[in-house]
2 protein chains.
Amino acid sequence: MNELNRRQFGAAVAIATTLGVAGEGVAAETKPAGSEQRFGLMHKQRLPEVAMLLYPGLTLLDLLGPQTVFATSCKVHLVWKNTDLIESDSGVVLKPTATFADCPKDLDALFVGGGPGQAAIMTDPEVIAFMADRGSRAKFVTSVCSGSLVLGAAGLLRGYESTSHWACLDALRMFGAKPVAKRVVIDRNRLSGGGVTAGIDFGLTLLAKMLGDNVAKMTQLAMEYDPQPPFDCGSPAKAGPEVTQQVLSWMGPFAQQMLKTCAQAALAMPK
Amino acid sequence: MNELNRRQFGAAVAIATTLGVAGEGVAAETKPAGSEQRFGLMHKQRLPEVAMLLYPGLTLLDLLGPQTVFATSCKVHLVWKNTDLIESDSGVVLKPTATFADCPKDLDALFVGGGPGQAAIMTDPEVIAFMADRGSRAKFVTSVCSGSLVLGAAGLLRGYESTSHWACLDALRMFGAKPVAKRVVIDRNRLSGGGVTAGIDFGLTLLAKMLGDNVAKMTQLAMEYDPQPPFDCGSPAKAGPEVTQQVLSWMGPFAQQMLKTCAQAALAMPK
């Protein structure tokens, strides 16, 4: 046993003794810990009911950022037409927790993120009817990334300021919304976040509105949200024209499809 | 039709015309777009093989942050003992894409995130054997949040600097690692990120090492990673003693269990 191993072994034994672990060999004999696989709730207020739309081809981080923010202090429903497995835009397969029919009628927040799959749902009458119905009564009507265009297609952004992923921000105009190039945009009870990672900033902002600053601050610290991006290129202005053009070229087919879908959806938008 | 509606309708028709959409009523008649539900690859280099451990009770954002970073430029495997559905610590149910047996032997990167469920896997010989085996040959051995303690339990951090969630950083000592309180820590081929949201900073850093700065910058811009946290409280020092103590009280049962598990796992750590 060398010096490093001796010290490390000493530390483990000291902690094992303090905590009443029985000593060497105990790992194999003891029932593994971890039966408690969820954190407890962070507050004693009423749990806000949040419905987040889960659909094939969504960009999962759009949803998972705010879902993680809400997870320890809200009742979160991942809703879709049914509870069949769904594949995200990067191949992650996951399961909705509620159907459109199960989803509470009166929500604290209705949420939708973006992704290539939104082209299909923006022209799907069943999805649009669900979003329009819940959105008409939810306390907050919310989105991250190009998910705002889904709200637009459901007729929920007429006359409202909203944001979106930088690459499709202007498309909001087709739905009568006013595009605003900010990380998080609040207009009355409409809250929207910019592209993908903006969902964390958006989520904490909404959480503070629903449960107060203290719960939001606890959540931010628990998630160690003290970002230090390795590059300063998170917006087109910061990234410069070369990298921006590369990303636009890469996104080309998606952006073309999105514009076309928006035009179709705007013409079919509910009154 | 009021002024706003007229302008919005005009914009939609203009775009519909440019793109060759057939006009009013087309939404119902046209096959919905969105058959292409994934983005294309961002580069023409060899696809790095990345295996990310998916286990019951993990904190999904630990994994989904970097998984989203890698998704458009690497081959990502979400690995577990089998491909049965798995429930994360916040109730999201998802499906592994590869088993331990299927997982490539020689990886560009092996990754593990943290979560309440790690207590069970850190004392599970099958998981530890898998991690030790792949970790012994992977080009990069990596973690986010308390996932570093899983690497430690597999004997992969002896003599290495590493980081972890702020609340359990010191436990790294039990595995012979040197805890470093930084957002991303690099020591030879070991890369680790701090708590939860640090996975995005970590992921972009690792991506730059695997595929160069340009692909990482494109990814950062595509994810619009230009963070603007609503509060300045993402570390204990910034949050101050009151909020930090509230989070520690809330995390109490988890932290106690984690320390106990680490002590057990350290005593059973592979040579």
# chains A, B, ... in the order shown; residues from 1 in each chain; ligands from 1

call {"tool": "residues_around", "arguments": {"residues": "stretch 218-222 of chain A", "least_positions_apart": "4", "cutoff": "8 Å", "atoms": "only C-alpha atoms", "output": "PDB file with N, CA and C atoms, in the first residue's frame"}}
result
ATOM      1  N   VAL A  69     -35.312  22.159 -13.899  1.00  0.00           N
ATOM      2  CA  VAL A  69     -35.569  23.300 -13.007  1.00  0.00           C
ATOM      3  C   VAL A  69     -36.856  23.081 -12.204  1.00  0.00           C
ATOM      4  N   LEU A 204     -35.720  29.080 -14.732  1.00  0.00           N
ATOM      5  CA  LEU A 204     -35.515  29.720 -13.434  1.00  0.00           C
ATOM      6  C   LEU A 204     -36.346  31.001 -13.315  1.00  0.00           C
ATOM      7  N   ASN A 214     -36.782  32.794  -3.736  1.00  0.00           N
ATOM      8  CA  ASN A 214     -35.963  31.907  -2.907  1.00  0.00           C
ATOM      9  C   ASN A 214     -35.900  30.485  -3.458  1.00  0.00           C
TER      10      ASN A 214
ATOM     11  N   GLY B 195     -21.390  20.515 -10.968  1.00  0.00           N
ATOM     12  CA  GLY B 195     -22.766  20.057 -10.829  1.00  0.00           C
ATOM     13  C   GLY B 195     -23.652  20.316 -12.031  1.00  0.00           C
ATOM     14  N   PHE B 231     -30.264  34.859 -11.602  1.00  0.00           N
ATOM     15  CA  PHE B 231     -29.671  35.227 -10.318  1.00  0.00           C
ATOM     16  C   PHE B 231     -28.179  34.930 -10.370  1.00  0.00           C
ATOM     17  N   CYS B 233     -26.176  33.189  -8.291  1.00  0.00           N
ATOM     18  CA  CYS B 233     -26.123  32.329  -7.095  1.00  0.00           C
ATOM     19  C   CYS B 233     -25.821  30.885  -7.456  1.00  0.00           C
ATOM     20  N   GLY B 234     -24.994  30.689  -8.477  1.00  0.00           N
ATOM     21  CA  GLY B 234     -24.731  29.337  -8.957  1.00  0.00           C
ATOM     22  C   GLY B 234     -23.643  28.580  -8.219  1.00  0.00           C
ATOM     23  N   SER B 235     -23.013  29.218  -7.246  1.00  0.00           N
ATOM     24  CA  SER B 235     -22.026  28.532  -6.408  1.00  0.00           C
ATOM     25  C   SER B 235     -22.310  28.935  -4.963  1.00  0.00           C
ATOM     26  N   PRO B 236     -21.862  28.145  -3.992  1.00  0.00           N
ATOM     27  CA  PRO B 236     -22.102  28.508  -2.593  1.00  0.00           C
ATOM     28  C   PRO B 236     -21.552  29.895  -2.253  1.00  0.00           C
ATOM     29  N   ALA B 239     -24.006  32.365  -3.733  1.00  0.00           N
ATOM     30  CA  ALA B 239     -25.360  32.276  -3.171  1.00  0.00           C
ATOM     31  C   ALA B 239     -25.406  32.776  -1.729  1.00  0.00           C
ATOM     32  N   VAL B 243     -28.878  30.688   1.590  1.00  0.00           N
ATOM     33  CA  VAL B 243     -29.398  29.819   0.528  1.00  0.00           C
ATOM     34  C   VAL B 243     -28.608  28.506   0.493  1.00  0.00           C
ATOM     35  N   THR B 244     -27.295  28.594   0.705  1.00  0.00           N
ATOM     36  CA  THR B 244     -26.475  27.372   0.696  1.00  0.00           C
ATOM     37  C   THR B 244     -26.944  26.413   1.789  1.00  0.00           C
ATOM     38  N   GLN B 246     -29.893  26.233   3.099  1.00  0.00           N
ATOM     39  CA  GLN B 246     -31.206  25.682   2.719  1.00  0.00           C
ATOM     40  C   GLN B 246     -31.054  24.512   1.740  1.00  0.00           C
ATOM     41  N   VAL B 247     -30.137  24.688   0.779  1.00  0.00           N
ATOM     42  CA  VAL B 247     -29.933  23.610  -0.195  1.00  0.00           C
ATOM     43  C   VAL B 247     -29.305  22.386   0.478  1.00  0.00           C
TER      44      VAL B 247
END

call {"tool": "interface_residues", "arguments": {"of": "chain B", "to": "chain A", "cutoff": "6 Å", "atoms": "only C-alpha atoms", "output": "PyMOL selection string"}}
result
chain B and resi 8+11-12+16+27+32-34+37-38+57+71+89-90+93-95+116-117+119-120+174+176+195-197+201+218+220-221+223-226+229+233-235+247+263-264

call {"tool": "select_by_dssp", "arguments": {"residues": "stretch 47-224 of chain B", "states": "alpha helix (DSSP H)", "output": "JSON, numbers by chain"}}
result
{"B": [60, 61, 62, 63, 64, 65, 66, 67, 68, 69, 70, 71, 118, 119, 120, 121, 122, 125, 126, 127, 128, 129, 130, 131, 132, 133, 134, 135, 136, 137, 147, 148, 149, 150, 151, 152, 153, 198, 199, 200, 201, 202, 203, 204, 205, 206, 207, 208, 209, 210, 211, 213, 214, 215, 216, 217, 218, 219, 220, 221, 222]}
